[in-house]
Each structure stands twice: as C-alpha cells, then as structure tokens.
file final-v7.cif (mmCIF, C-alpha atoms)
data_data
loop_
_atom_site.label_atom_id
_atom_site.label_comp_id
_atom_site.auth_asym_id
_atom_site.auth_seq_id
_atom_site.Cartn_x
_atom_site.Cartn_y
_atom_site.Cartn_z
CA MET B 1 70.39 114.22 43.65
CA HIS B 2 71.09 117.96 43.60
CA ILE B 3 67.41 118.67 42.79
CA GLN B 4 66.28 116.50 45.70
CA ILE B 5 68.59 118.38 48.07
CA GLN B 6 67.18 121.71 46.84
CA ILE B 7 63.61 120.47 47.33
CA GLN B 8 64.42 119.27 50.84
CA THR B 9 66.08 122.61 51.65
CA GLN B 10 63.06 124.53 50.35
CA LYS B 11 60.69 122.38 52.39
CA ARG B 12 62.83 122.85 55.47
CA SER B 13 62.92 126.63 54.96
CA LEU B 14 59.14 126.75 54.50
CA PHE B 15 58.71 124.66 57.64
CA LEU B 16 60.95 127.04 59.60
CA VAL B 17 59.04 130.06 58.31
CA LEU B 18 55.77 128.50 59.45
CA ILE B 19 57.26 127.73 62.85
CA LEU B 20 58.58 131.27 63.24
CA GLY B 21 55.27 132.72 62.15
CA PHE B 22 53.46 130.54 64.65
CA CYS B 23 55.84 131.58 67.43
CA ILE B 24 55.22 135.25 66.68
CA LEU B 25 51.45 134.78 66.83
CA VAL B 26 51.44 132.73 70.03
CA GLU B 27 49.77 134.55 72.90
CA SER B 28 50.00 134.04 76.63
CA ILE B 29 48.96 130.79 78.24
CA ARG B 30 46.76 130.37 81.28
CA PHE B 31 46.91 127.49 83.74
CA ASP B 32 45.74 126.52 87.21
CA LEU B 33 48.06 125.87 90.15
CA GLU B 34 46.93 124.27 93.40
CA SER B 35 48.42 125.49 96.67
CA GLY B 36 51.31 123.36 97.87
CA HIS B 37 52.16 122.30 94.32
CA THR B 38 54.68 123.30 91.64
CA LYS B 39 54.15 123.53 87.90
CA CYS B 40 57.02 123.98 85.43
CA ILE B 41 56.92 125.15 81.81
CA ALA B 42 59.84 124.40 79.47
CA GLU B 43 61.13 126.46 76.56
CA ASP B 44 63.92 125.40 74.20
CA ILE B 45 66.16 128.46 73.67
CA LYS B 46 69.24 128.83 71.50
CA SER B 47 72.42 130.42 72.76
CA ASN B 48 72.58 134.26 72.56
CA SER B 49 68.81 134.46 72.01
CA MET B 50 66.80 137.14 73.76
CA THR B 51 63.93 135.89 75.93
CA VAL B 52 61.27 137.82 77.82
CA GLY B 53 58.45 136.71 80.05
CA LYS B 54 55.74 138.18 82.21
CA TYR B 55 53.25 136.58 84.55
CA HIS B 56 50.45 137.55 86.89
CA VAL B 57 47.89 135.88 89.09
CA VAL B 58 44.37 136.24 87.75
CA ASN B 59 42.09 137.93 90.26
CA PRO B 60 39.16 135.58 91.03
CA SER B 61 37.01 138.51 92.09
CA GLU B 62 37.64 141.68 90.10
CA GLY B 63 37.52 144.91 92.05
CA ASN B 64 38.87 143.30 95.22
CA PRO B 65 42.55 143.03 96.15
CA LEU B 66 44.25 139.67 95.75
CA PRO B 67 44.58 137.73 99.04
CA ASP B 68 47.96 136.59 100.33
CA SER B 69 46.96 133.00 99.54
CA HIS B 70 47.26 133.93 95.85
CA LYS B 71 50.93 134.84 95.98
CA ILE B 72 53.42 132.65 94.14
CA THR B 73 57.15 131.98 93.88
CA VAL B 74 58.72 131.91 90.42
CA ARG B 75 62.15 130.66 89.34
CA VAL B 76 63.64 130.43 85.83
CA THR B 77 66.63 128.12 85.37
CA SER B 78 68.64 126.69 82.51
CA SER B 79 69.19 123.01 81.79
CA TYR B 80 72.54 123.37 83.61
CA GLY B 81 70.81 124.54 86.80
CA ASN B 82 71.82 128.21 86.53
CA SER B 83 69.19 130.65 87.82
CA TYR B 84 68.13 133.54 85.57
CA HIS B 85 65.14 134.83 87.52
CA TYR B 86 63.76 134.42 91.02
CA SER B 87 60.82 136.14 92.64
CA ASP B 88 59.26 135.12 95.96
CA HIS B 89 55.74 135.69 97.31
CA VAL B 90 54.47 137.93 94.50
CA HIS B 91 51.28 138.45 92.54
CA GLU B 92 53.02 139.34 89.28
CA GLY B 93 56.42 139.88 87.72
CA ASN B 94 58.51 139.76 84.58
CA PHE B 95 61.96 138.75 83.41
CA ALA B 96 64.23 139.38 80.46
CA PHE B 97 67.67 138.00 79.70
CA GLN B 98 69.93 136.86 76.90
CA ALA B 99 70.51 133.12 77.02
CA THR B 100 74.19 132.26 77.37
CA GLU B 101 73.49 128.52 77.23
CA ALA B 102 71.63 126.61 74.57
CA GLY B 103 69.08 124.10 75.79
CA GLU B 104 65.84 123.75 77.69
CA TYR B 105 64.92 126.50 80.16
CA MET B 106 62.38 125.90 82.91
CA ALA B 107 60.00 128.42 84.46
CA CYS B 108 58.67 126.90 87.68
CA PHE B 109 55.71 128.31 89.64
CA PHE B 110 55.14 127.36 93.26
CA ALA B 111 52.17 128.20 95.48
CA ALA B 112 52.54 127.90 99.25
CA ASP B 113 50.37 125.34 101.04
CA ASN B 114 47.13 126.73 102.43
CA LYS B 115 44.24 125.34 104.45
CA PRO B 116 41.78 124.96 102.83
CA SER B 117 43.49 124.26 99.51
CA THR B 118 43.35 127.08 96.96
CA THR B 119 43.46 126.94 93.17
CA ILE B 120 45.35 129.85 91.60
CA THR B 121 44.98 130.82 87.95
CA ILE B 122 48.16 132.21 86.38
CA ASP B 123 48.53 134.05 83.10
CA PHE B 124 52.01 133.55 81.61
CA ASP B 125 53.55 134.99 78.46
CA TRP B 126 57.00 133.72 77.40
CA LYS B 127 58.69 134.65 74.15
CA SER B 128 62.19 134.07 72.82
CA GLY B 129 64.18 134.82 69.69
CA ILE B 130 62.54 137.05 67.12
CA ALA B 131 59.20 136.85 68.93
CA ALA B 132 60.79 138.49 71.98
CA LYS B 133 61.49 141.78 70.20
CA ASP B 134 59.13 144.66 70.89
CA TRP B 135 58.79 146.10 67.39
CA THR B 136 56.39 148.82 68.54
CA ASN B 137 59.04 150.29 70.85
CA VAL B 138 61.65 149.93 68.11
CA ALA B 139 59.50 151.95 65.76
CA LYS B 140 58.83 154.65 68.36
CA LYS B 141 62.37 154.96 69.68
CA GLY B 142 64.10 154.81 66.32
CA SER B 143 61.54 156.85 64.38
CA VAL B 144 61.48 154.06 61.83
CA GLU B 145 59.09 154.34 58.92
CA SER B 146 56.57 151.54 58.47
CA MET B 147 58.32 150.15 55.37
CA GLU B 148 61.70 150.16 57.11
CA LEU B 149 60.15 148.46 60.10
CA GLU B 150 58.71 145.70 57.90
CA LEU B 151 62.07 145.27 56.20
CA LYS B 152 63.79 144.99 59.56
CA LYS B 153 61.26 142.37 60.62
CA MET B 154 61.88 140.41 57.43
CA PHE B 155 65.66 140.71 57.85
CA ASP B 156 65.53 139.35 61.40
CA THR B 157 63.21 136.53 60.26
CA VAL B 158 65.61 135.55 57.47
CA GLN B 159 68.56 135.80 59.87
CA SER B 160 66.75 133.53 62.30
CA ILE B 161 66.04 131.01 59.51
CA HIS B 162 69.69 131.21 58.44
CA ASP B 163 70.88 130.49 61.98
CA GLU B 164 68.37 127.66 62.30
CA MET B 165 69.60 126.12 59.02
CA PHE B 166 73.19 126.11 60.27
CA PHE B 167 72.01 124.65 63.57
CA LEU B 168 70.17 121.84 61.75
CA ARG B 169 73.20 121.22 59.54
CA GLU B 170 75.43 120.87 62.62
CA ARG B 171 72.93 118.47 64.17
CA GLU B 172 72.83 116.46 60.94
CA GLU B 173 76.64 116.24 60.89
CA GLU B 174 76.61 115.11 64.51
CA MET B 175 74.06 112.41 63.69
CA GLN B 176 76.11 111.23 60.69
CA GLU B 177 79.24 111.07 62.85
CA LEU B 178 77.29 109.12 65.46
CA ASN B 179 76.04 106.70 62.78
CA ARG B 180 79.58 106.18 61.47
CA SER B 181 80.88 105.58 64.98
CA THR B 182 78.03 103.16 65.73
CA ASN B 183 78.59 101.25 62.47
CA SER B 184 82.31 101.00 63.22
CA LYS B 185 81.62 99.66 66.71
CA MET B 186 79.09 97.18 65.36
CA ALA B 187 81.62 95.95 62.77
CA TRP B 188 84.26 95.37 65.45
CA LEU B 189 81.66 93.69 67.65
CA SER B 190 80.70 91.37 64.78
CA ILE B 191 84.37 90.48 64.19
CA LEU B 192 84.86 89.85 67.91
CA SER B 193 81.70 87.69 68.03
CA LEU B 194 82.90 85.69 65.02
CA PHE B 195 86.31 85.19 66.66
CA VAL B 196 84.70 84.03 69.90
CA CYS B 197 82.42 81.62 68.03
CA LEU B 198 85.35 80.14 66.06
CA SER B 199 87.39 79.85 69.25
CA VAL B 200 84.57 78.06 71.05
CA ALA B 201 84.07 75.72 68.06
CA GLY B 202 87.83 74.97 67.99
CA LEU B 203 87.85 74.21 71.72
CA GLN B 204 84.86 71.93 71.32
CA LEU B 205 86.58 70.02 68.50
CA TRP B 206 89.78 69.75 70.55
CA HIS B 207 87.82 68.49 73.55
CA LEU B 208 85.94 65.89 71.47
CA LYS B 209 89.17 64.71 69.85
CA SER B 210 90.82 64.34 73.29
CA PHE B 211 87.77 62.50 74.60
CA PHE B 212 87.71 60.02 71.72
CA GLU B 213 91.49 59.46 71.97
CA LYS B 214 91.15 58.66 75.68
CA LYS B 215 88.38 56.22 74.89
CA LYS B 216 90.58 54.81 72.11
CA LEU B 217 87.82 55.29 69.63
CA ILE B 218 90.17 56.96 67.15
#
call {"tool": "encode", "arguments": {"input": "final-v7.cif", "output": "structure tokens"}}
result
Amino acid sequence: MHIQIQIQTQKRSLFLVLILGFCILVESIRFDLESGHTKCIAEDIKSNSMTVGKYHVVNPSEGNPLPDSHKITVRVTSSYGNSYHYSDHVHEGNFAFQATEAGEYMACFFAADNKPSTTITIDFDWKSGIAAKDWTNVAKKGSVESMELELKKMFDTVQSIHDEMFFLREREEEMQELNRSTNSKMAWLSILSLFVCLSVAGLQLWHLKSFFEKKKLI
C-alpha cells in the first residue's frame, strides 16, 4: 500500500512538472473578434499568484495606422465579479496583478458595432504563476549569475509543485468528506425508505383485516 502511494505521488509530481513546463513554453494566442461581439478567455489562477497579460490588435495593413473601427474594450474579472483591469477603446494594453481570490478569471474583449461589420484579429498573451515571472529582468536587475538564475528557476518550480501538491491534497480531503457525507445521507435515506415501506405494508394489512372483519369473512 505504501509503495502504491509513493508511485502515485511520483506520477502526480511528474504530471505537475510536465504541466508547469508546458505553461512556461506556451506563447501568445491569436483569435478573431467580429464587431458588435464579445469573446472571453478564462484562466484558472490560484490565490496569491502573480498574473500578467498583454494584448494588441493586429494591423491588417502594415505601415498604415489602425482605424478607429479596430479599437476594443477589455475587462478582466474574477469569478466573484471583481474587476482587476479595464481599458476602453484601445488598440493595445497590458495588465499585471496578484490574485487575491482563487478561481477562474475572465478576460473579455468587446468590439463596438460597425457598419459594415469588421473582423478584428487580436494577439493575447496571458501568463500566471511561475510562467508570469520575467527571469531576464531578474537576472539583469539582480546581477544574478546564470547558474544562480537556473537554481532560482528550479526552486520556484519545486515550490510551485509543492503548493500544487498541498492544493490537491486539500481537494482530495474535501472529496473524501463529501463522499462520507453522501454515504451517511444515503444510509439514512435507506432506513427512512425501509420504515416507510414497512409502515405502508402494516397499514395495508390492517386495512385488509378490517375489510374482512366487516365482511365477516374472518
């Protein structure tokens, strides 16, 4: 049993490392937005995690200024409805904040309605956690040697895995508590159902006995 737990823990750690590595390598995304429409992108962020994002409208004709029809409105909110960034009628922008609430954050892009309809291409880069740290600036500002920088990266990666392990353990305990509560409720429901069935059967027998006595069959 102990060996199985160790194997599961190792697999989970390897899975988290792969996820973190993937998150670090993820580049910006590009999507189209029609005028008069809104498109939202969600990101699951843990509490006290740093998150940064930047966006800009892709110029359909390089060398020429972007028209007013290619301006957008951007809002970033938490799952509780709190606003962390708002920018209106812009071609580009960025945001950075430390999440005070754990959950799903939404970055919504809106393009004003135009006649004729216009399709706007937006380039959006959103990073959180360890991927949000600018290691190049850290190295320049702190005069950190390359080996020290790599060690700091590894330390933050391990710290992130450690925090994720505790988070998963808390979720597992919550699920176990929910299972115990559900099993307890189901047991009481079964007892109540059995009591109701026995009561109904008793009433039926009493009714039949009364019926036969009235008919003087017994």
call {"tool": "closest_residue", "arguments": {"input": "final-v7.cif", "among": "B:Pro116, B:Pro67, B:Gly81, B:Gly53", "to": "Phe95 in chain B", "atoms": "all atoms listed in the file"}}
result
B:Gly53
call {"tool": "resolve_selection", "arguments": {"input": "final-v7.cif", "expression": "the PyMOL selection byres ((chain B and resi 101) around 10)", "output": "list of chain:residue names"}}
result
B:Ile45, B:Lys46, B:Ser47, B:Asn48, B:Ser49, B:Ser78, B:Ser79, B:Tyr80, B:Asn82, B:Gln98, B:Ala99, B:Thr100, B:Ala102, B:Gly103, B:Glu104, B:Tyr105
call {"tool": "residues_around", "arguments": {"input": "final-v7.cif", "residues": "range 117-129 of chain B", "least_positions_apart": "5", "cutoff": "10 Å", "atoms": "all atoms listed in the file", "output": "MDAnalysis selection string"}}
result
chainID B and resid 20 23:24 26:37 41:60 69:72 91:99 107 109 111:112 156:157 160
call {"tool": "atom_distance", "arguments": {"input": "final-v7.cif", "atom1": "CA of His162 in chain B", "atom2": "CA of Tyr84 in chain B"}}
result
27.3 Å
call {"tool": "atom_distance", "arguments": {"input": "final-v7.cif", "atom1": "CA of Ser87 in chain B", "atom2": "CA of Gly63 in chain B"}}
result
24.9 Å
call {"tool": "atom_distance", "arguments": {"input": "final-v7.cif", "atom1": "CA of His85 in chain B", "atom2": "CA of Asp68 in chain B"}}
result
21.5 Å
